[in-house]
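J.: Here it is, the structure, as structure tokens.
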Amino acid sequence: MSRPPVYRPSMRGWWQRHPAYRRYLLREGSSALLAAYALWLLAGLVSLAAGEAAYERWRELHGNPWVFGVHLAALLAALYHAVTWFRLLPLTLPALRWGGRRITDRTLVRGAWLTYVALSVGVWLYLLGGVR
Amino acid sequence: MSEPAKITLEVQRYHPEQDSGPRWQRYTVPYTAEMSVLEGLQYIKDHLDGSLTFRWSCRMAICGSCGCMIDGEPELACHVFLRDYAPGPVRVAALDHFPIQRDLVIDHSDFLEKLETVHSYLIPAEERTPADGTHRQTPQAMADYYDYAQCINCLLCYAACPQYGWHPDFAGPAALALLQRYNLDDRDGGHRLRERVIDAEQGVWGCTLVGYCSEVCPKGVDPARAINQNKAGSAARYLLGWWRPGRRRGEDRE
Amino acid sequence: MKRSHEPPLWLLFGAGGLLAALLGPALILLTGVVVPVAAERGVEVLGYEATRELLARPLVGVLLALSLGVVLWHAAHRIYHTLRDLGMRAGQGVWWACYGSAAIGTLVAIGAVIALW
Ligand code: SF4
Ligand code: FES
């Protein structure tokens, strides 16, 4: 018996079908700004190796409104990245137990944010302390 | 008596013998506060248009056969109420990402084939016969997999997964959640068999953690978790394969 | 079923993502906002001598280079998959463009750090 034809839906414009898809693309897209920042630091590192004049030029460029704007955008992207990364972190771990009780997602996410605060403060102190 | 309230349903139609693609058809249906969208569809079929085709059975979110897209969200038609969409128009379409056979009826044979590949049944860790009695388990051991055991194969999660939409080879959320359900069962000893599925291109590595599948699941299964819990272990096995390539090759010959 | 070769890519992606989440905001705020705002007020932050002295320490330098590397890798991984998600038929060329540039970036960073010694 021949089967009647089926209709196969297409994926064209799939991200328009639900906000969850757009949030997903935003999350993935935030990595482009993270990469831009990493490349900017890489340029700083190379200019540091090239000597004082090159490094100072790189440092002065931070005052340029465009560079400053991209940094602000990268800051927002990094925050969005952190929020989504920590929220999804528990999904990647096996069910953990502590004294017979299951550690909840909430505890894990809080732990991640505590680590975030500790490391942020630590890096600031280390880098600013190194300056003096 | 006052006129009953009315709601407009815009239903996706597709009859392969006459339509080249889906089209929309509007129906106006009287409804009461306790009527589900499924009951709206049944009203259409009984009173307005007998040619409308859709699946249902239990009418109580148990059988998993009435899944469809309602205003763009994958839902069980028996699990949502007309009153929440009134006065409409509310759009009812076939589940996304699946071939449509007729109106709201999709072809789910792809999922059924996948279900056979994931070994979603108990493979006893030790040889047992009925004479050994009940295969007992502590409540805590059961809690490890209980959520994953709630799946009713409604396929809403597949309709929420763009990776499945792009790559129909991907085993997908429910099949992998059911795989994990048996892997986490302490009476089971079949994880080596299931690792082949997990580690495959069609296995957990087809997932980019969009996460929408877990949001739409009407049973709280959390398939995104079931899948992503496996990535670290699968990656560890991969690196071990670099370390001891013989082991992996020997397994393939089994 | 064919075994996936995604795991090593994913591990590096995960390392970069975790690092970017833990340290990204603090670092961007420091180098991208505090540096120019302090310069406006005539305060030097991350000046040449101090930064050079800091990054010439082998451990700090190598850690920075590898961190930059995994963050680039993280982005390469996400961009590659997003291009596919958007419907691009991304073949070998796109694959190499994404992951290859991340690898080159890592090598440049390591080279720059070694040049500081
Ligand atoms: S995991 Fe949830 S959404 Fe997916 S088929 Fe099972 S019950 Fe339905
Ligand atoms: S009719 Fe059974 S789940 Fe809706």
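Letters for chains follow the order of the structure tokens (A, B, ...), residue numbers begin at 1 for each chain, and ligand numbers begin at 1 in the order shown.
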At a cut-off of 8 Å, list the chain C residues touching chain A, using only C-alpha atoms, as a ChimeraX atom specification.

T.: /C:17-18,20-30,32-33,35-37,45-48,50-52,54,68,71-72,74-75,78-79,82,87,105,108-109,112-113,115-116

J.: List every residue of chain B that has an atom at most 6 Å from any atom of ligand 1, and for each one report the closest atom pair and its distance in Å to one decimal, counting only C-alpha atoms and all ligand atoms, with rows sorted by chain and then by increasing residue number, as CSV.

T.:
```
residue,atom,partner,partner_atom_place_in_ligand_line,distance
B:Cys151,CA,ligand 1,6 (Fe),3.6
B:Ile152,CA,ligand 1,7 (S),4.4
B:Asn153,CA,ligand 1,5 (S),3.7
B:Cys154,CA,ligand 1,8 (Fe),4.0
B:Leu155,CA,ligand 1,5 (S),3.9
B:Leu156,CA,ligand 1,3 (S),4.3
B:Cys157,CA,ligand 1,3 (S),4.1
B:Ala174,CA,ligand 1,1 (S),4.2
B:Cys217,CA,ligand 1,3 (S),3.6
B:Pro218,CA,ligand 1,2 (Fe),5.8
B:Lys219,CA,ligand 1,7 (S),5.1
B:Val221,CA,ligand 1,1 (S),5.2
B:Pro223,CA,ligand 1,1 (S),5.5
```

J.: Distance cut-off 12 Å, counting only C-alpha atoms - which residues of chain A neighbour chain B? Return them as a PyMOL selection string.

T.: chain A and resi 3-28+84-85+87-97+100-102+105

J.: With a distance cut-off of 10 Å and only C-alpha atoms, select the neighbouring residues of Arg91 (chain B), excluding the residue or stretch itself and same-chain residues fewer than 2 positions from it, and output the selection as a ChimeraX atom specification.

T.: /B:8-12,24-26,69-73,85,88-89,93

J.: Residues as selected, N, CA and C atoms, written as a tab-separated table (two decimals), in the first residue's frame, can you do that?

T.:
```tsv
chain	number	residue	atom	x	y	z
B	8	THR	N	-12.69	31.71	19.16
B	8	THR	CA	-12.31	31.35	17.80
B	8	THR	C	-11.05	30.50	17.82
B	9	LEU	N	-11.12	29.36	17.17
B	9	LEU	CA	-9.94	28.52	17.02
B	9	LEU	C	-9.49	28.57	15.57
B	10	GLU	N	-8.18	28.75	15.38
B	10	GLU	CA	-7.63	28.73	14.04
B	10	GLU	C	-6.81	27.46	13.95
B	11	VAL	N	-7.31	26.51	13.20
B	11	VAL	CA	-6.71	25.18	13.24
B	11	VAL	C	-5.96	24.91	11.94
B	12	GLN	N	-4.78	24.30	12.09
B	12	GLN	CA	-3.99	23.95	10.92
B	12	GLN	C	-4.59	22.72	10.26
B	24	TRP	N	-4.85	27.30	7.12
B	24	TRP	CA	-5.53	27.57	8.38
B	24	TRP	C	-7.03	27.63	8.16
B	25	GLN	N	-7.78	27.12	9.12
B	25	GLN	CA	-9.22	27.21	9.04
B	25	GLN	C	-9.77	27.69	10.39
B	26	ARG	N	-10.74	28.62	10.31
B	26	ARG	CA	-11.28	29.21	11.54
B	26	ARG	C	-12.58	28.55	11.94
B	69	MET	N	0.85	22.24	18.81
B	69	MET	CA	1.33	23.59	19.06
B	69	MET	C	0.12	24.48	19.31
B	70	ILE	N	0.05	25.08	20.49
B	70	ILE	CA	-1.07	25.98	20.78
B	70	ILE	C	-0.50	27.37	20.99
B	71	ASP	N	-0.87	28.28	20.12
B	71	ASP	CA	-0.27	29.61	20.06
B	71	ASP	C	1.26	29.52	20.11
B	72	GLY	N	1.79	28.60	19.35
B	72	GLY	CA	3.24	28.49	19.21
B	72	GLY	C	3.95	27.72	20.29
B	73	GLU	N	3.24	27.29	21.32
B	73	GLU	CA	3.87	26.52	22.40
B	73	GLU	C	3.48	25.05	22.27
B	85	TYR	N	-7.37	31.28	26.57
B	85	TYR	CA	-7.06	31.83	25.25
B	85	TYR	C	-8.20	32.71	24.72
B	88	GLY	N	-9.75	34.51	21.69
B	88	GLY	CA	-9.05	34.01	20.53
B	88	GLY	C	-8.75	35.11	19.54
B	89	PRO	N	-8.38	34.82	18.31
B	89	PRO	CA	-8.21	33.45	17.83
B	89	PRO	C	-6.99	32.75	18.42
B	93	ALA	N	-1.84	23.99	15.93
B	93	ALA	CA	-1.13	23.41	14.79
B	93	ALA	C	-0.51	22.08	15.20
```

J.: Return as a list of chain:residue names the residues of protein, DNA or RNA that approach ligand 2 to within 10 Å, with only C-alpha atoms and all ligand atoms taken into account.

T.: B:Ser36, B:Val37, B:Leu38, B:Glu39, B:Arg55, B:Trp56, B:Ser57, B:Cys58, B:Arg59, B:Met60, B:Ala61, B:Ile62, B:Cys63, B:Gly64, B:Ser65, B:Cys66, B:Gly67, B:Cys68, B:Glu75, B:Leu76, B:Ala77, B:Cys78, B:His79, B:Val80, B:Ile152, B:Asn153, B:Cys154, B:Pro218
